[in-house]
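Shown next: target_34.cif, containing mmCIF, C-alpha atoms.
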```cif
data_model
#
loop_
_atom_site.group_PDB
_atom_site.id
_atom_site.type_symbol
_atom_site.label_atom_id
_atom_site.label_comp_id
_atom_site.auth_asym_id
_atom_site.auth_seq_id
_atom_site.Cartn_x
_atom_site.Cartn_y
_atom_site.Cartn_z
ATOM 1 C CA MET A 13 35.073 -45.997 4.351
ATOM 2 C CA GLN A 14 38.453 -46.095 2.568
ATOM 3 C CA ILE A 15 39.383 -49.529 1.197
ATOM 4 C CA ASP A 16 42.691 -49.673 3.060
ATOM 5 C CA LYS A 17 40.945 -49.053 6.372
ATOM 6 C CA ALA A 18 38.224 -51.585 5.458
ATOM 7 C CA GLU A 19 40.869 -54.212 4.688
ATOM 8 C CA ILE A 20 42.427 -53.762 8.130
ATOM 9 C CA ILE A 21 39.043 -54.172 9.843
ATOM 10 C CA ALA A 22 38.235 -57.136 7.575
ATOM 11 C CA ARG A 23 41.428 -58.964 8.529
ATOM 12 C CA GLU A 24 40.798 -58.358 12.193
ATOM 13 C CA LEU A 25 37.270 -59.703 11.819
ATOM 14 C CA ILE A 26 38.581 -62.884 10.155
ATOM 15 C CA ARG A 27 40.908 -63.401 13.119
ATOM 16 C CA GLU A 28 38.302 -62.632 15.778
ATOM 17 C CA SER A 29 35.085 -64.204 14.425
ATOM 18 C CA ASP A 30 33.798 -67.162 16.483
ATOM 19 C CA ALA A 31 33.175 -69.134 13.307
ATOM 20 C CA ALA A 32 33.200 -68.751 9.526
ATOM 21 C CA TYR A 33 29.691 -68.985 8.052
ATOM 22 C CA LEU A 34 29.952 -70.785 4.737
ATOM 23 C CA THR A 35 27.010 -70.693 2.355
ATOM 24 C CA THR A 36 26.665 -73.045 -0.586
ATOM 25 C CA ILE A 37 23.709 -73.311 -2.958
ATOM 26 C CA ALA A 38 21.659 -76.504 -2.820
ATOM 27 C CA PRO A 39 20.462 -78.180 -6.043
ATOM 28 C CA ASP A 40 16.928 -76.841 -5.403
ATOM 29 C CA GLY A 41 18.305 -73.285 -5.470
ATOM 30 C CA PHE A 42 18.112 -72.496 -1.763
ATOM 31 C CA PRO A 43 21.225 -71.175 -0.060
ATOM 32 C CA ALA A 44 22.547 -73.302 2.811
ATOM 33 C CA THR A 45 24.676 -71.818 5.590
ATOM 34 C CA ARG A 46 26.640 -73.581 8.306
ATOM 35 C CA GLY A 47 29.289 -72.565 10.799
ATOM 36 C CA MET A 48 32.806 -73.762 10.002
ATOM 37 C CA LEU A 49 35.896 -73.928 12.176
ATOM 38 C CA ASN A 50 37.702 -70.609 11.865
ATOM 39 C CA LEU A 51 41.235 -71.856 11.223
ATOM 40 C CA HIS A 52 42.353 -68.255 10.665
ATOM 41 C CA SER A 53 41.748 -67.402 14.307
ATOM 42 C CA PRO A 54 45.151 -67.513 16.038
ATOM 43 C CA GLU A 55 43.437 -67.732 19.418
ATOM 44 C CA ARG A 56 41.603 -70.911 18.377
ATOM 45 C CA TYR A 57 44.328 -72.406 16.155
ATOM 46 C CA PRO A 58 47.666 -71.142 17.463
ATOM 47 C CA LEU A 59 49.522 -74.001 15.752
ATOM 48 C CA LEU A 60 48.356 -72.738 12.339
ATOM 49 C CA LYS A 61 49.279 -69.093 12.768
ATOM 50 C CA GLU A 62 52.702 -69.323 11.164
ATOM 51 C CA TYR A 63 51.669 -71.564 8.267
ATOM 52 C CA LEU A 64 48.595 -69.514 7.347
ATOM 53 C CA GLY A 65 50.506 -66.259 7.789
ATOM 54 C CA GLU A 66 52.949 -67.310 5.074
ATOM 55 C CA ARG A 67 50.298 -68.159 2.494
ATOM 56 C CA ALA A 68 48.590 -65.825 -0.010
ATOM 57 C CA ALA A 69 47.004 -62.761 1.561
ATOM 58 C CA TRP A 70 43.347 -63.573 0.846
ATOM 59 C CA GLU A 71 43.517 -67.355 0.743
ATOM 60 C CA LEU A 72 41.030 -68.851 3.198
ATOM 61 C CA LEU A 73 41.219 -72.519 4.123
ATOM 62 C CA PHE A 74 38.551 -74.709 5.677
ATOM 63 C CA THR A 75 38.272 -78.313 6.720
ATOM 64 C CA THR A 76 35.215 -80.478 6.349
ATOM 65 C CA ASN A 77 34.049 -84.038 5.802
ATOM 66 C CA THR A 78 34.286 -85.375 2.253
ATOM 67 C CA SER A 79 30.905 -87.020 2.871
ATOM 68 C CA SER A 80 29.199 -83.768 3.956
ATOM 69 C CA GLN A 81 26.273 -82.152 2.184
ATOM 70 C CA LYS A 82 28.295 -79.015 1.436
ATOM 71 C CA MET A 83 30.747 -81.081 -0.641
ATOM 72 C CA SER A 84 27.961 -82.388 -2.856
ATOM 73 C CA HIS A 85 26.649 -78.821 -3.231
ATOM 74 C CA LEU A 86 30.122 -77.585 -4.184
ATOM 75 C CA ARG A 87 30.621 -80.226 -6.841
ATOM 76 C CA GLU A 88 27.457 -78.981 -8.587
ATOM 77 C CA ASN A 89 27.900 -75.273 -7.881
ATOM 78 C CA PRO A 90 31.179 -73.907 -6.484
ATOM 79 C CA LYS A 91 29.864 -70.352 -5.983
ATOM 80 C CA VAL A 92 29.947 -69.621 -2.270
ATOM 81 C CA SER A 93 30.086 -66.891 0.295
ATOM 82 C CA VAL A 94 31.816 -66.838 3.645
ATOM 83 C CA TYR A 95 30.670 -64.464 6.361
ATOM 84 C CA TYR A 96 32.703 -63.435 9.398
ATOM 85 C CA CYS A 97 31.158 -61.333 12.114
ATOM 86 C CA ARG A 98 31.123 -59.959 15.603
ATOM 87 C CA PRO A 99 27.440 -59.245 16.202
ATOM 88 C CA GLN A 100 28.126 -57.358 19.426
ATOM 89 C CA LEU A 101 30.312 -54.898 17.476
ATOM 90 C CA TRP A 102 27.861 -54.550 14.559
ATOM 91 C CA SER A 103 30.628 -55.748 12.325
ATOM 92 C CA GLY A 104 30.323 -58.231 9.452
ATOM 93 C CA LEU A 105 32.392 -59.216 6.417
ATOM 94 C CA LEU A 106 30.988 -60.941 3.337
ATOM 95 C CA LEU A 107 33.407 -62.644 0.948
ATOM 96 C CA CYS A 108 32.177 -64.172 -2.319
ATOM 97 C CA GLY A 109 34.031 -66.464 -4.669
ATOM 98 C CA THR A 110 34.490 -69.903 -6.117
ATOM 99 C CA MET A 111 35.435 -72.642 -3.691
ATOM 100 C CA GLU A 112 38.123 -75.178 -4.631
ATOM 101 C CA ILE A 113 38.631 -78.620 -3.181
ATOM 102 C CA VAL A 114 42.285 -78.958 -2.148
ATOM 103 C CA THR A 115 43.949 -82.214 -3.152
ATOM 104 C CA ASP A 116 47.536 -81.166 -2.287
ATOM 105 C CA MET A 117 48.501 -83.479 0.588
ATOM 106 C CA SER A 118 51.134 -81.033 1.861
ATOM 107 C CA VAL A 119 48.384 -78.473 2.572
ATOM 108 C CA LYS A 120 46.148 -81.082 4.201
ATOM 109 C CA GLU A 121 49.001 -82.232 6.404
ATOM 110 C CA ALA A 122 50.027 -78.702 7.343
ATOM 111 C CA LEU A 123 46.498 -77.933 8.571
ATOM 112 C CA TRP A 124 46.088 -81.173 10.476
ATOM 113 C CA GLN A 125 45.472 -80.767 14.226
ATOM 114 C CA PRO A 126 46.293 -83.603 16.627
ATOM 115 C CA ASP A 127 42.793 -83.776 18.175
ATOM 116 C CA TRP A 128 41.046 -84.181 14.814
ATOM 117 C CA THR A 129 41.504 -87.932 15.006
ATOM 118 C CA ALA A 130 38.152 -87.819 16.869
ATOM 119 C CA TYR A 131 36.517 -86.853 13.546
ATOM 120 C CA TYR A 132 38.945 -88.478 11.102
ATOM 121 C CA PRO A 133 40.427 -91.612 12.669
ATOM 122 C CA GLY A 134 42.785 -92.075 9.710
ATOM 123 C CA GLY A 135 44.536 -88.751 10.312
ATOM 124 C CA ALA A 136 45.491 -86.379 7.484
ATOM 125 C CA GLY A 137 45.241 -89.252 5.026
ATOM 126 C CA ASP A 138 41.662 -90.152 6.042
ATOM 127 C CA GLU A 139 39.393 -90.243 2.973
ATOM 128 C CA ASP A 140 36.734 -88.267 4.831
ATOM 129 C CA TYR A 141 39.148 -85.408 5.653
ATOM 130 C CA ALA A 142 38.670 -82.676 3.082
ATOM 131 C CA VAL A 143 40.199 -79.210 2.758
ATOM 132 C CA LEU A 144 38.579 -76.309 0.921
ATOM 133 C CA ARG A 145 40.201 -73.150 -0.395
ATOM 134 C CA LEU A 146 38.549 -69.832 -1.161
ATOM 135 C CA ILE A 147 40.264 -66.892 -2.786
ATOM 136 C CA PRO A 148 37.380 -64.420 -2.717
ATOM 137 C CA GLN A 149 36.616 -62.198 -5.698
ATOM 138 C CA ARG A 150 34.814 -59.491 -3.812
ATOM 139 C CA ALA A 151 34.360 -58.251 -0.274
ATOM 140 C CA GLU A 152 31.692 -56.254 1.539
ATOM 141 C CA LEU A 153 32.321 -54.918 4.998
ATOM 142 C CA TYR A 154 29.655 -53.526 7.316
ATOM 143 C CA HIS A 155 31.057 -51.872 10.392
ATOM 144 C CA GLN A 156 29.012 -49.773 12.802
ATOM 145 C CA LEU A 157 26.796 -48.115 10.183
ATOM 146 C CA ASP A 158 29.802 -47.585 7.888
ATOM 147 C CA GLY A 159 31.147 -49.970 5.263
ATOM 148 C CA ALA A 160 32.929 -50.622 1.978
ATOM 149 C CA LYS A 161 32.741 -52.907 -1.048
ATOM 150 C CA TRP A 162 35.761 -53.860 -3.101
ATOM 151 C CA GLU A 163 37.166 -56.343 -5.606
ATOM 152 C CA ILE A 164 39.998 -58.552 -4.437
ATOM 153 C CA MET B 76 17.793 -87.038 16.805
ATOM 154 C CA GLN B 77 13.994 -87.219 17.041
ATOM 155 C CA ILE B 78 12.198 -84.354 15.274
ATOM 156 C CA ASP B 79 10.268 -83.293 18.385
ATOM 157 C CA LYS B 80 13.515 -82.930 20.341
ATOM 158 C CA ALA B 81 15.141 -81.124 17.407
ATOM 159 C CA GLU B 82 12.238 -78.668 17.256
ATOM 160 C CA ILE B 83 12.675 -77.806 20.934
ATOM 161 C CA ILE B 84 16.401 -77.158 20.469
ATOM 162 C CA ALA B 85 15.681 -75.211 17.265
ATOM 163 C CA ARG B 86 13.239 -72.880 19.007
ATOM 164 C CA GLU B 87 15.685 -72.301 21.826
ATOM 165 C CA LEU B 88 18.410 -71.484 19.300
ATOM 166 C CA ILE B 89 16.155 -68.932 17.586
ATOM 167 C CA ARG B 90 15.589 -67.247 20.951
ATOM 168 C CA GLU B 91 19.251 -67.319 22.000
ATOM 169 C CA SER B 92 21.178 -66.593 18.792
ATOM 170 C CA ASP B 93 23.038 -63.257 18.789
ATOM 171 C CA ALA B 94 21.803 -62.531 15.294
ATOM 172 C CA ALA B 95 19.908 -64.127 12.415
ATOM 173 C CA TYR B 96 22.139 -64.724 9.390
ATOM 174 C CA LEU B 97 20.084 -64.115 6.279
ATOM 175 C CA THR B 98 21.411 -65.269 2.922
ATOM 176 C CA THR B 99 20.007 -64.070 -0.371
ATOM 177 C CA ILE B 100 21.326 -64.892 -3.840
ATOM 178 C CA ALA B 101 22.844 -62.037 -5.830
ATOM 179 C CA PRO B 102 22.072 -61.645 -9.565
ATOM 180 C CA ASP B 103 25.558 -63.014 -10.400
ATOM 181 C CA GLY B 104 24.691 -66.253 -8.568
ATOM 182 C CA PHE B 105 26.803 -65.782 -5.449
ATOM 183 C CA PRO B 106 25.105 -66.162 -2.084
ATOM 184 C CA ALA B 107 25.228 -63.082 0.158
ATOM 185 C CA THR B 108 24.939 -63.348 3.944
ATOM 186 C CA ARG B 109 24.469 -60.615 6.528
ATOM 187 C CA GLY B 110 23.563 -60.484 10.188
ATOM 188 C CA MET B 111 20.022 -59.300 10.922
ATOM 189 C CA LEU B 112 18.432 -58.130 14.158
ATOM 190 C CA ASN B 113 17.049 -61.182 15.931
ATOM 191 C CA LEU B 114 13.574 -59.901 16.779
ATOM 192 C CA HIS B 115 12.664 -63.363 18.106
ATOM 193 C CA SER B 116 15.098 -63.014 21.003
ATOM 194 C CA PRO B 117 13.028 -62.021 24.054
ATOM 195 C CA GLU B 118 16.185 -60.839 25.812
ATOM 196 C CA ARG B 119 16.943 -58.380 23.009
ATOM 197 C CA TYR B 120 13.340 -57.464 22.109
ATOM 198 C CA PRO B 121 11.241 -57.893 25.248
ATOM 199 C CA LEU B 122 8.521 -55.598 23.874
ATOM 200 C CA LEU B 123 7.922 -58.033 20.974
ATOM 201 C CA LYS B 124 7.683 -61.238 22.996
ATOM 202 C CA GLU B 125 3.915 -61.229 23.372
ATOM 203 C CA TYR B 126 3.138 -60.188 19.793
ATOM 204 C CA LEU B 127 5.504 -62.709 18.205
ATOM 205 C CA GLY B 128 4.384 -65.435 20.608
ATOM 206 C CA GLU B 129 0.814 -65.116 19.320
ATOM 207 C CA ARG B 130 1.726 -65.431 15.624
ATOM 208 C CA ALA B 131 2.151 -68.613 13.560
ATOM 209 C CA ALA B 132 4.582 -71.121 15.033
ATOM 210 C CA TRP B 133 7.284 -70.937 12.347
ATOM 211 C CA GLU B 134 6.746 -67.398 11.099
ATOM 212 C CA LEU B 135 9.975 -65.408 11.292
ATOM 213 C CA LEU B 136 9.937 -61.651 10.902
ATOM 214 C CA PHE B 137 12.803 -59.315 10.070
ATOM 215 C CA THR B 138 13.223 -55.615 9.557
ATOM 216 C CA THR B 139 15.468 -53.982 7.001
ATOM 217 C CA ASN B 140 15.840 -50.937 4.798
ATOM 218 C CA THR B 141 13.730 -50.846 1.645
ATOM 219 C CA SER B 142 16.789 -49.418 -0.121
ATOM 220 C CA SER B 143 19.108 -52.259 0.954
ATOM 221 C CA GLN B 144 20.874 -54.646 -1.393
ATOM 222 C CA LYS B 145 19.038 -57.653 0.081
ATOM 223 C CA MET B 146 15.706 -56.171 -1.016
ATOM 224 C CA SER B 147 16.856 -55.933 -4.633
ATOM 225 C CA HIS B 148 18.139 -59.536 -4.397
ATOM 226 C CA LEU B 149 14.778 -60.697 -3.001
ATOM 227 C CA ARG B 150 12.775 -59.035 -5.746
ATOM 228 C CA GLU B 151 14.731 -61.095 -8.310
ATOM 229 C CA ASN B 152 15.039 -64.299 -6.296
ATOM 230 C CA PRO B 153 13.066 -64.800 -3.075
ATOM 231 C CA LYS B 154 14.786 -68.104 -2.156
ATOM 232 C CA VAL B 155 16.668 -67.540 1.081
ATOM 233 C CA SER B 156 18.082 -69.240 4.096
ATOM 234 C CA VAL B 157 18.292 -68.015 7.668
ATOM 235 C CA TYR B 158 20.864 -69.435 10.040
ATOM 236 C CA TYR B 159 20.758 -69.203 13.833
ATOM 237 C CA CYS B 160 23.655 -70.422 15.914
ATOM 238 C CA ARG B 161 25.565 -70.549 19.135
ATOM 239 C CA PRO B 162 29.101 -71.378 17.977
ATOM 240 C CA GLN B 163 30.312 -72.013 21.531
ATOM 241 C CA LEU B 164 27.686 -74.763 21.916
ATOM 242 C CA TRP B 165 28.324 -76.297 18.453
ATOM 243 C CA SER B 166 24.737 -75.626 17.666
ATOM 244 C CA GLY B 167 23.319 -74.297 14.396
ATOM 245 C CA LEU B 168 19.931 -74.176 12.699
ATOM 246 C CA LEU B 169 19.402 -73.717 8.963
ATOM 247 C CA LEU B 170 15.964 -72.700 7.728
ATOM 248 C CA CYS B 171 15.227 -72.470 3.986
ATOM 249 C CA GLY B 172 12.228 -70.925 2.304
ATOM 250 C CA THR B 173 10.789 -68.123 0.226
ATOM 251 C CA MET B 174 10.930 -64.659 1.717
ATOM 252 C CA GLU B 175 7.929 -62.357 1.485
ATOM 253 C CA ILE B 176 7.892 -58.588 1.754
ATOM 254 C CA VAL B 177 5.251 -57.586 4.304
ATOM 255 C CA THR B 178 3.001 -54.699 3.262
ATOM 256 C CA ASP B 179 0.455 -55.063 6.102
ATOM 257 C CA MET B 180 0.863 -51.859 8.116
ATOM 258 C CA SER B 181 -0.527 -53.486 11.279
ATOM 259 C CA VAL B 182 2.450 -55.905 11.301
ATOM 260 C CA LYS B 183 4.937 -53.133 10.602
ATOM 261 C CA GLU B 184 3.479 -51.048 13.421
ATOM 262 C CA ALA B 185 3.414 -53.973 15.855
ATOM 263 C CA LEU B 186 7.138 -54.590 15.307
ATOM 264 C CA TRP B 187 8.138 -50.951 15.539
ATOM 265 C CA GLN B 188 10.601 -50.159 18.341
ATOM 266 C CA PRO B 189 10.833 -46.606 19.753
ATOM 267 C CA ASP B 190 14.599 -46.254 19.163
ATOM 268 C CA TRP B 191 14.385 -47.141 15.458
ATOM 269 C CA THR B 192 13.727 -43.510 14.601
ATOM 270 C CA ALA B 193 17.543 -43.301 14.424
ATOM 271 C CA TYR B 194 17.352 -45.486 11.280
ATOM 272 C CA TYR B 195 13.900 -44.547 10.017
ATOM 273 C CA PRO B 196 13.111 -40.945 10.964
ATOM 274 C CA GLY B 197 9.553 -41.282 9.650
ATOM 275 C CA GLY B 198 8.666 -44.039 12.116
ATOM 276 C CA ALA B 199 6.661 -47.118 11.141
ATOM 277 C CA GLY B 200 5.360 -45.276 8.089
ATOM 278 C CA ASP B 201 8.866 -44.417 6.788
ATOM 279 C CA GLU B 202 9.265 -45.541 3.166
ATOM 280 C CA ASP B 203 12.656 -47.042 3.970
ATOM 281 C CA TYR B 204 11.268 -49.212 6.796
ATOM 282 C CA ALA B 205 10.637 -52.701 5.416
ATOM 283 C CA VAL B 206 9.495 -55.912 7.081
ATOM 284 C CA LEU B 207 10.224 -59.394 5.763
ATOM 285 C CA ARG B 208 8.461 -62.639 6.587
ATOM 286 C CA LEU B 209 9.803 -66.170 6.237
ATOM 287 C CA ILE B 210 7.787 -69.306 6.794
ATOM 288 C CA PRO B 211 10.535 -71.869 6.222
ATOM 289 C CA GLN B 212 9.901 -75.013 4.184
ATOM 290 C CA ARG B 213 12.646 -77.098 5.686
ATOM 291 C CA ALA B 214 14.952 -77.135 8.688
ATOM 292 C CA GLU B 215 18.334 -78.647 9.444
ATOM 293 C CA LEU B 216 19.674 -78.695 12.955
ATOM 294 C CA TYR B 217 23.258 -79.474 13.929
ATOM 295 C CA HIS B 218 23.755 -79.883 17.644
ATOM 296 C CA GLN B 219 26.900 -81.258 19.247
ATOM 297 C CA LEU B 220 27.648 -83.888 16.583
ATOM 298 C CA ASP B 221 23.975 -84.857 16.418
ATOM 299 C CA GLY B 222 21.242 -83.367 14.235
ATOM 300 C CA ALA B 223 18.033 -83.676 12.277
ATOM 301 C CA LYS B 224 16.438 -82.553 9.024
ATOM 302 C CA TRP B 225 12.714 -82.069 8.603
ATOM 303 C CA GLU B 226 10.030 -80.441 6.491
ATOM 304 C CA ILE B 227 7.968 -77.704 8.117
#
```
Could you quickly redo this structure as structure tokens?
Amino acid sequence: MQIDKAEIIARELIRESDAAYLTTIAPDGFPATRGMLNLHSPERYPLLKEYLGERAAWELLFTTNTSSQKMSHLRENPKVSVYYCRPQLWSGLLLCGTMEIVTDMSVKEALWQPDWTAYYPGGAGDEDYAVLRLIPQRAELYHQLDGAKWEI
Amino acid sequence: MQIDKAEIIARELIRESDAAYLTTIAPDGFPATRGMLNLHSPERYPLLKEYLGERAAWELLFTTNTSSQKMSHLRENPKVSVYYCRPQLWSGLLLCGTMEIVTDMSVKEALWQPDWTAYYPGGAGDEDYAVLRLIPQRAELYHQLDGAKWEI
């Protein structure tokens, strides 16, 4: 598959995937995957569509708890992958790169959703509210027995 | 959550998940995830229900292509995780362990599905038809803001 076509399918998959599957590497060397909120889905996060649409093309943002296991994994080893997929369509996108912990309060505030006070009672300033940023280095798309690999 | 309750939910999740998300570690240290056929779903693979039901309680079997990237990852580093989930139910199961490549032809033949000749023209004896086995060492279940971790 041509890269330009693969990029179009990849972006659609990011928008349509039920969740983002983030994998970190635990200190004992085993990978650890968990589903993350897919903030890049305009259907699920309509309030974020404009803000995320104006940011860098391949920047992916995630929220999590500062106290979570993935954060302790990331501090030791920031190499991660994120997988987006639609199993029914035989379509999957693997993105690999180095995850950053975002400390910029303007980004944390821009992502904040009103109903997240259930998880972070202190709002966007809550110490347990963390934001992660991935600008992937490489992508692999599998789509209905076709696919592509490219550097970003 | 009590472990016995978590195990019940975990087994249900394995049966109901659209796919199994297998993560290997690439030689450059990045994790790599891809969706795999969920052979342990009786809805998707009714012909396998009896055979798999008679095998060891936590044995998970997968099929793949001998020539695939995951196989070259596994030969260098067999530490993997498999993730099952139902994102709509906020339910996810992480299983970590060491993946084995199955060479026992009786297992490969027992898993064989008639329509797989589209992928492996030579049938169960096709050189590109590979079977993988995971007996996980540890499990982590997340289920609707509750969860459990245990050794298997």
Residues in the PyMOL selection byres ((chain A) within 8 of (chain B)), expressed as a ChimeraX atom specification:
/A:30-31,35-37,41-47,91-95,97,99-100,104,106,108-109
What does the structure give for the distance between CA of Glu184 (chain B) and CA of Val206 (chain B), in Å to one decimal?
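Here the two named atoms are 10.0 Å from each other.
Ranking B:Pro189, B:Pro102, B:Ala223, B:Arg119 by their shortest atom-to-atom distance to Gln144 (chain B), with only C-alpha atoms included, puts B:Pro102 first.
Those residues that approach Phe74 (chain A) to within 7 Å, counting all atoms listed in the file, are A:Leu51, A:Val143, A:Leu144, A:Arg145; same-chain residues fewer than 3 positions away are not listed.
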Could you jot down the CA of Arg150 (chain B) to CA of Leu135 (chain B) separation for me, Å, one decimal place?
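Value for the CA of Arg150 (chain B)-CA of Leu135 (chain B) distance: 18.4 Å.
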Give me, please, the distance in Å between CA of Asn140 (chain B) and CA of Gly159 (chain A), quoted to one decimal.
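These two atoms are separated by 15.3 Å.
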Residues within 12 Å of (3.6, -45.1, 8.1), file coords, all atoms listed in the file, listed as JSON, numbers by chain:
{"B": [178, 179, 180, 181, 182, 183, 184, 185, 187, 195, 196, 197, 198, 199, 200, 201, 202, 203, 204, 205]}
Residue subset to file, keeping C-alpha atoms, as a short mmCIF file (atom, residue, chain, number, x, y, z; two decimals), in the frame of the given file:
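In the end it all went to again.cif:
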```cif
data_model
loop_
_atom_site.label_atom_id
_atom_site.label_comp_id
_atom_site.auth_asym_id
_atom_site.auth_seq_id
_atom_site.Cartn_x
_atom_site.Cartn_y
_atom_site.Cartn_z
CA THR B 178 3.00 -54.70 3.26
CA ASP B 179 0.46 -55.06 6.10
CA MET B 180 0.86 -51.86 8.12
CA SER B 181 -0.53 -53.49 11.28
CA VAL B 182 2.45 -55.90 11.30
CA LYS B 183 4.94 -53.13 10.60
CA GLU B 184 3.48 -51.05 13.42
CA ALA B 185 3.41 -53.97 15.86
CA TRP B 187 8.14 -50.95 15.54
CA TYR B 195 13.90 -44.55 10.02
CA PRO B 196 13.11 -40.94 10.96
CA GLY B 197 9.55 -41.28 9.65
CA GLY B 198 8.67 -44.04 12.12
CA ALA B 199 6.66 -47.12 11.14
CA GLY B 200 5.36 -45.28 8.09
CA ASP B 201 8.87 -44.42 6.79
CA GLU B 202 9.26 -45.54 3.17
CA ASP B 203 12.66 -47.04 3.97
CA TYR B 204 11.27 -49.21 6.80
CA ALA B 205 10.64 -52.70 5.42
#
```
The PyMOL selection byres ((chain B and resi 131-133) around 12) - which residues does that actually catch in the file I just gave you? List them as a PyMOL selection string.
chain B and resi 82+85-86+89+115+126-130+134-136+170-172+208-214+226-227
Can you spell out as an MDAnalysis selection string the set of residues that the PyMOL selection byres ((chain A and resi 15) around 8) selects in the structure I just provided?
chainID A and resid 13:14 16:19 160:162
